[in-house]
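Working notes, structure below.
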Protein chains: 2
Amino acid sequence: MTWTQEWLELDPTVCSVARTVALVGDKWTFLLLREVNNGVRRFEPLQRRLGAPRAVLAARLAHLVDAGLLERAPYREAGQRTRFEYRLTQRGADLRPVLVALMQYGDQHLAEDAGPPVELRHRGCGADVHLALVCANAHVLSGRDDLAPRPGSGARRLAS
Amino acid sequence: MTWTQEWLELDPTVCSVARTVALVGDKWTFLLLREVNNGVRRFEPLQRRLGAPRAVLAARLAHLVDAGLLERAPYREAGQRTRFEYRLTQRGADLRPVLVALMQYGDQHLAEDAGPPVELRHRGCGADVHLALVCANAHVLSGRDDLAPRPGSGARRLAS
DNA sequence: CAGTATCCCAAGCGATACTG
DNA sequence: CAGTATCGCTTGGGATACTG
């Protein structure tokens, strides 16, 4: 446990987890991204499915567009004026592992009898997909102690 | 895009993402779990590093113990009375992919020049660790369209 | 050290109504 | 359909002080 001391001296605000959480870690954003990932892109169905107040949804969408995770794309249905829908950017799609990780945990530990609400398949071969921690030597990490976090080059010591 | 219709008819509350977010998706829990993963297990250092009010930290710890993600373990320093520290259970350790996913996203998209604040190594072989989507046939999914989400056996149609 | 207790405040939520 | 505007209210957060 001596290595714990090492972490105590590092600045906890210099942290990629904290930065990502600050960006998308509020009550609605994960669920909103889930919907967009499933192709639900318009305001009305989003609002109906999330159950969020319209003002809240509008604020979240604006925030995500602003952060570059979503983009507004104009579309037009016959006889209607131009409207907008929200699409994932690459930057937004890169958050998919987070969603998959949340989903997998829910499937494993918070599931009901009926099985997972969503299954992930490899489009190429049809097999089930899961998320795994793998090392550069292709070992799969499963045990509690297989993972060794180390301060990286961007770590900063505490000022005090 | 016709498959979008399929998702519109499914109950959005039956969702493993939503359940996991409901469990750990508040402002402090991710950061708290990050600290515990790094071996910071006692109340005082946790409070100091998170900057959360003591009452809030106590509530989060109790909640996580209650949910079975952490366990209180007694320890004793020389000449002191017995105290408690908080350790990850397996159930808590299983959330690590979520943390790693958040961290990887931050490293990729929200980083500073200095590089990642934390690096992950495989304790067995020392190699760098990353998160990967793999299928049952051991294919690694990398492309944007390799992943095909499908309603699973636990999916429920909307009542209305 | 490891929490409780208290108080106050602000953000954010939910509901509803309104607009182009 | 796709939002804005408004409002009352609860939840939870910050600061501080207290206890075994």
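Ligands are numbered from 1 in the order shown, chains are lettered A, B, ... in the order of the structure tokens, and residues start at 1 in each chain.
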
Counting only C-alpha atoms (C1' of nucleotides), which residues of chain B come no farther than 12 Å from chain C, as a list in words? Arg42, Phe43, Glu44, Pro45, Leu46, Gln47, Pro53, Arg54, Ala55, Val56, Leu57, Ala58, Ala59, Leu61, Ala62, Arg76, Glu77, Gln80, Arg81, Thr82, Arg83, Phe84 and Glu85 of chain B

So that I can check the secondary structure, give me every residue of chain A assigned strand (DSSP E) by backbone DSSP, as a short mmCIF file (atom, residue, chain, number, x, y, z; two decimals) with N, CA, C and O atoms, in the first residue's frame.
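Final output, states_18.cif:
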```cif
data_model
loop_
_atom_site.label_atom_id
_atom_site.label_comp_id
_atom_site.auth_asym_id
_atom_site.auth_seq_id
_atom_site.Cartn_x
_atom_site.Cartn_y
_atom_site.Cartn_z
N LEU A 70 -22.39 16.96 -30.80
CA LEU A 70 -23.51 16.84 -31.72
C LEU A 70 -23.42 17.95 -32.74
O LEU A 70 -22.80 18.99 -32.49
N GLU A 71 -24.05 17.73 -33.89
CA GLU A 71 -24.19 18.82 -34.84
C GLU A 71 -25.63 18.91 -35.28
O GLU A 71 -26.32 17.91 -35.40
N ARG A 72 -26.07 20.15 -35.48
CA ARG A 72 -27.41 20.36 -36.00
C ARG A 72 -27.36 20.17 -37.50
O ARG A 72 -26.57 20.82 -38.19
N ALA A 73 -28.24 19.34 -37.99
CA ALA A 73 -28.29 19.11 -39.43
C ALA A 73 -29.68 19.47 -39.92
O ALA A 73 -30.68 19.00 -39.37
N PRO A 74 -29.76 20.32 -40.92
CA PRO A 74 -31.08 20.70 -41.45
C PRO A 74 -31.70 19.53 -42.20
O PRO A 74 -31.01 18.75 -42.85
N TYR A 75 -33.00 19.39 -42.08
CA TYR A 75 -33.71 18.42 -42.88
C TYR A 75 -35.04 19.02 -43.24
O TYR A 75 -35.45 20.05 -42.71
N ARG A 83 -36.24 22.08 -40.77
CA ARG A 83 -36.03 21.89 -39.34
C ARG A 83 -34.64 21.30 -39.12
O ARG A 83 -33.89 21.09 -40.06
N PHE A 84 -34.36 21.07 -37.85
CA PHE A 84 -33.03 20.55 -37.55
C PHE A 84 -33.11 19.25 -36.77
O PHE A 84 -34.02 19.03 -35.98
N GLU A 85 -32.14 18.42 -37.04
CA GLU A 85 -31.99 17.25 -36.19
C GLU A 85 -30.56 17.23 -35.68
O GLU A 85 -29.70 17.98 -36.14
N TYR A 86 -30.31 16.38 -34.72
CA TYR A 86 -29.02 16.35 -34.04
C TYR A 86 -28.31 15.05 -34.34
O TYR A 86 -28.85 13.97 -34.14
N ARG A 87 -27.10 15.18 -34.86
CA ARG A 87 -26.33 13.99 -35.19
C ARG A 87 -25.05 13.95 -34.40
O ARG A 87 -24.44 14.98 -34.11
N LEU A 88 -24.63 12.76 -34.12
CA LEU A 88 -23.35 12.57 -33.46
C LEU A 88 -22.22 12.99 -34.37
O LEU A 88 -22.19 12.64 -35.55
N VAL A 118 -30.76 -4.40 -24.48
CA VAL A 118 -30.07 -4.17 -25.75
C VAL A 118 -28.92 -5.15 -25.87
O VAL A 118 -28.21 -5.40 -24.89
N GLU A 119 -28.76 -5.70 -27.04
CA GLU A 119 -27.61 -6.56 -27.30
C GLU A 119 -26.74 -5.91 -28.35
O GLU A 119 -27.23 -5.25 -29.25
N LEU A 120 -25.45 -6.14 -28.24
CA LEU A 120 -24.52 -5.59 -29.21
C LEU A 120 -23.93 -6.73 -30.03
O LEU A 120 -23.44 -7.71 -29.50
N ARG A 121 -23.98 -6.55 -31.34
CA ARG A 121 -23.43 -7.56 -32.23
C ARG A 121 -22.33 -6.96 -33.07
O ARG A 121 -22.35 -5.77 -33.38
N HIS A 122 -21.40 -7.81 -33.42
CA HIS A 122 -20.40 -7.41 -34.40
C HIS A 122 -21.04 -7.51 -35.78
O HIS A 122 -21.49 -8.57 -36.19
N VAL A 129 -20.87 -8.72 -28.67
CA VAL A 129 -19.73 -7.85 -28.42
C VAL A 129 -19.70 -7.46 -26.95
O VAL A 129 -20.73 -7.24 -26.33
N HIS A 130 -18.52 -7.41 -26.41
CA HIS A 130 -18.39 -6.86 -25.07
C HIS A 130 -17.13 -6.02 -24.97
O HIS A 130 -16.25 -6.06 -25.84
N LEU A 131 -17.09 -5.27 -23.88
CA LEU A 131 -15.98 -4.37 -23.66
C LEU A 131 -14.99 -5.06 -22.73
O LEU A 131 -15.36 -5.66 -21.75
N ALA A 132 -13.73 -4.95 -23.05
CA ALA A 132 -12.73 -5.62 -22.21
C ALA A 132 -11.51 -4.73 -22.03
O ALA A 132 -11.18 -3.91 -22.89
N LEU A 133 -10.88 -4.92 -20.91
CA LEU A 133 -9.59 -4.27 -20.68
C LEU A 133 -8.51 -5.22 -21.18
O LEU A 133 -8.37 -6.34 -20.69
N VAL A 134 -7.79 -4.76 -22.16
CA VAL A 134 -6.73 -5.61 -22.70
C VAL A 134 -5.42 -4.84 -22.69
O VAL A 134 -5.40 -3.62 -22.81
N CYS A 135 -4.35 -5.58 -22.54
CA CYS A 135 -3.04 -4.93 -22.54
C CYS A 135 -2.39 -5.10 -23.91
O CYS A 135 -2.90 -5.82 -24.77
N VAL A 140 -6.19 -10.27 -21.38
CA VAL A 140 -7.45 -9.69 -20.92
C VAL A 140 -7.42 -9.58 -19.40
O VAL A 140 -7.13 -10.56 -18.72
N LEU A 141 -7.70 -8.37 -18.91
CA LEU A 141 -7.65 -8.16 -17.46
C LEU A 141 -9.02 -8.36 -16.86
O LEU A 141 -9.99 -7.72 -17.28
N LEU A 147 -4.99 -4.51 -12.70
CA LEU A 147 -4.81 -3.18 -13.28
C LEU A 147 -3.96 -2.31 -12.36
O LEU A 147 -4.29 -2.10 -11.20
N ALA A 148 -2.87 -1.82 -12.92
CA ALA A 148 -1.98 -0.97 -12.14
C ALA A 148 -1.95 0.43 -12.72
O ALA A 148 -1.30 0.67 -13.74
N PRO A 149 -2.65 1.36 -12.12
CA PRO A 149 -2.60 2.75 -12.57
C PRO A 149 -1.30 3.39 -12.12
O PRO A 149 -0.85 3.15 -10.99
N ARG A 150 -0.72 4.17 -13.01
CA ARG A 150 0.52 4.87 -12.66
C ARG A 150 0.39 6.32 -13.07
O ARG A 150 -0.23 6.63 -14.08
N PRO A 151 0.95 7.23 -12.31
CA PRO A 151 0.96 8.63 -12.74
C PRO A 151 1.60 8.75 -14.12
O PRO A 151 2.63 8.12 -14.38
#
```

Residue hits in chain A, query chain B, radius 7 Å, only C-alpha atoms, as an MDAnalysis selection string: chainID A and resid 4 7 12 14:20 25 31 38:40 49 95 97:99 101:103 105:107 110 114:124 127:137 144 146:155

Using only C-alpha atoms (C1' of nucleotides), find the residues of chain D whose closest atom to chain A is at most 8 Å away, then write them as an MDAnalysis selection string. chainID D and resid 1:4

Residues flagged helix (DSSP H, G or I) by DSSP in region 14-119 of chain A, as JSON, numbers by chain: {"A": [16, 17, 18, 19, 20, 21, 22, 23, 24, 29, 30, 31, 32, 33, 34, 35, 36, 37, 43, 44, 45, 46, 47, 48, 49, 50, 54, 55, 56, 57, 58, 59, 60, 61, 62, 63, 64, 65, 66, 90, 91, 92, 93, 96, 97, 98, 99, 100, 101, 102, 103, 104, 105, 106, 107, 108, 109]}

Atomic separation - CA of Leu158 (chain B) relative to CA of Leu32 (chain A), Å: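 It comes out at 18.1 Å.
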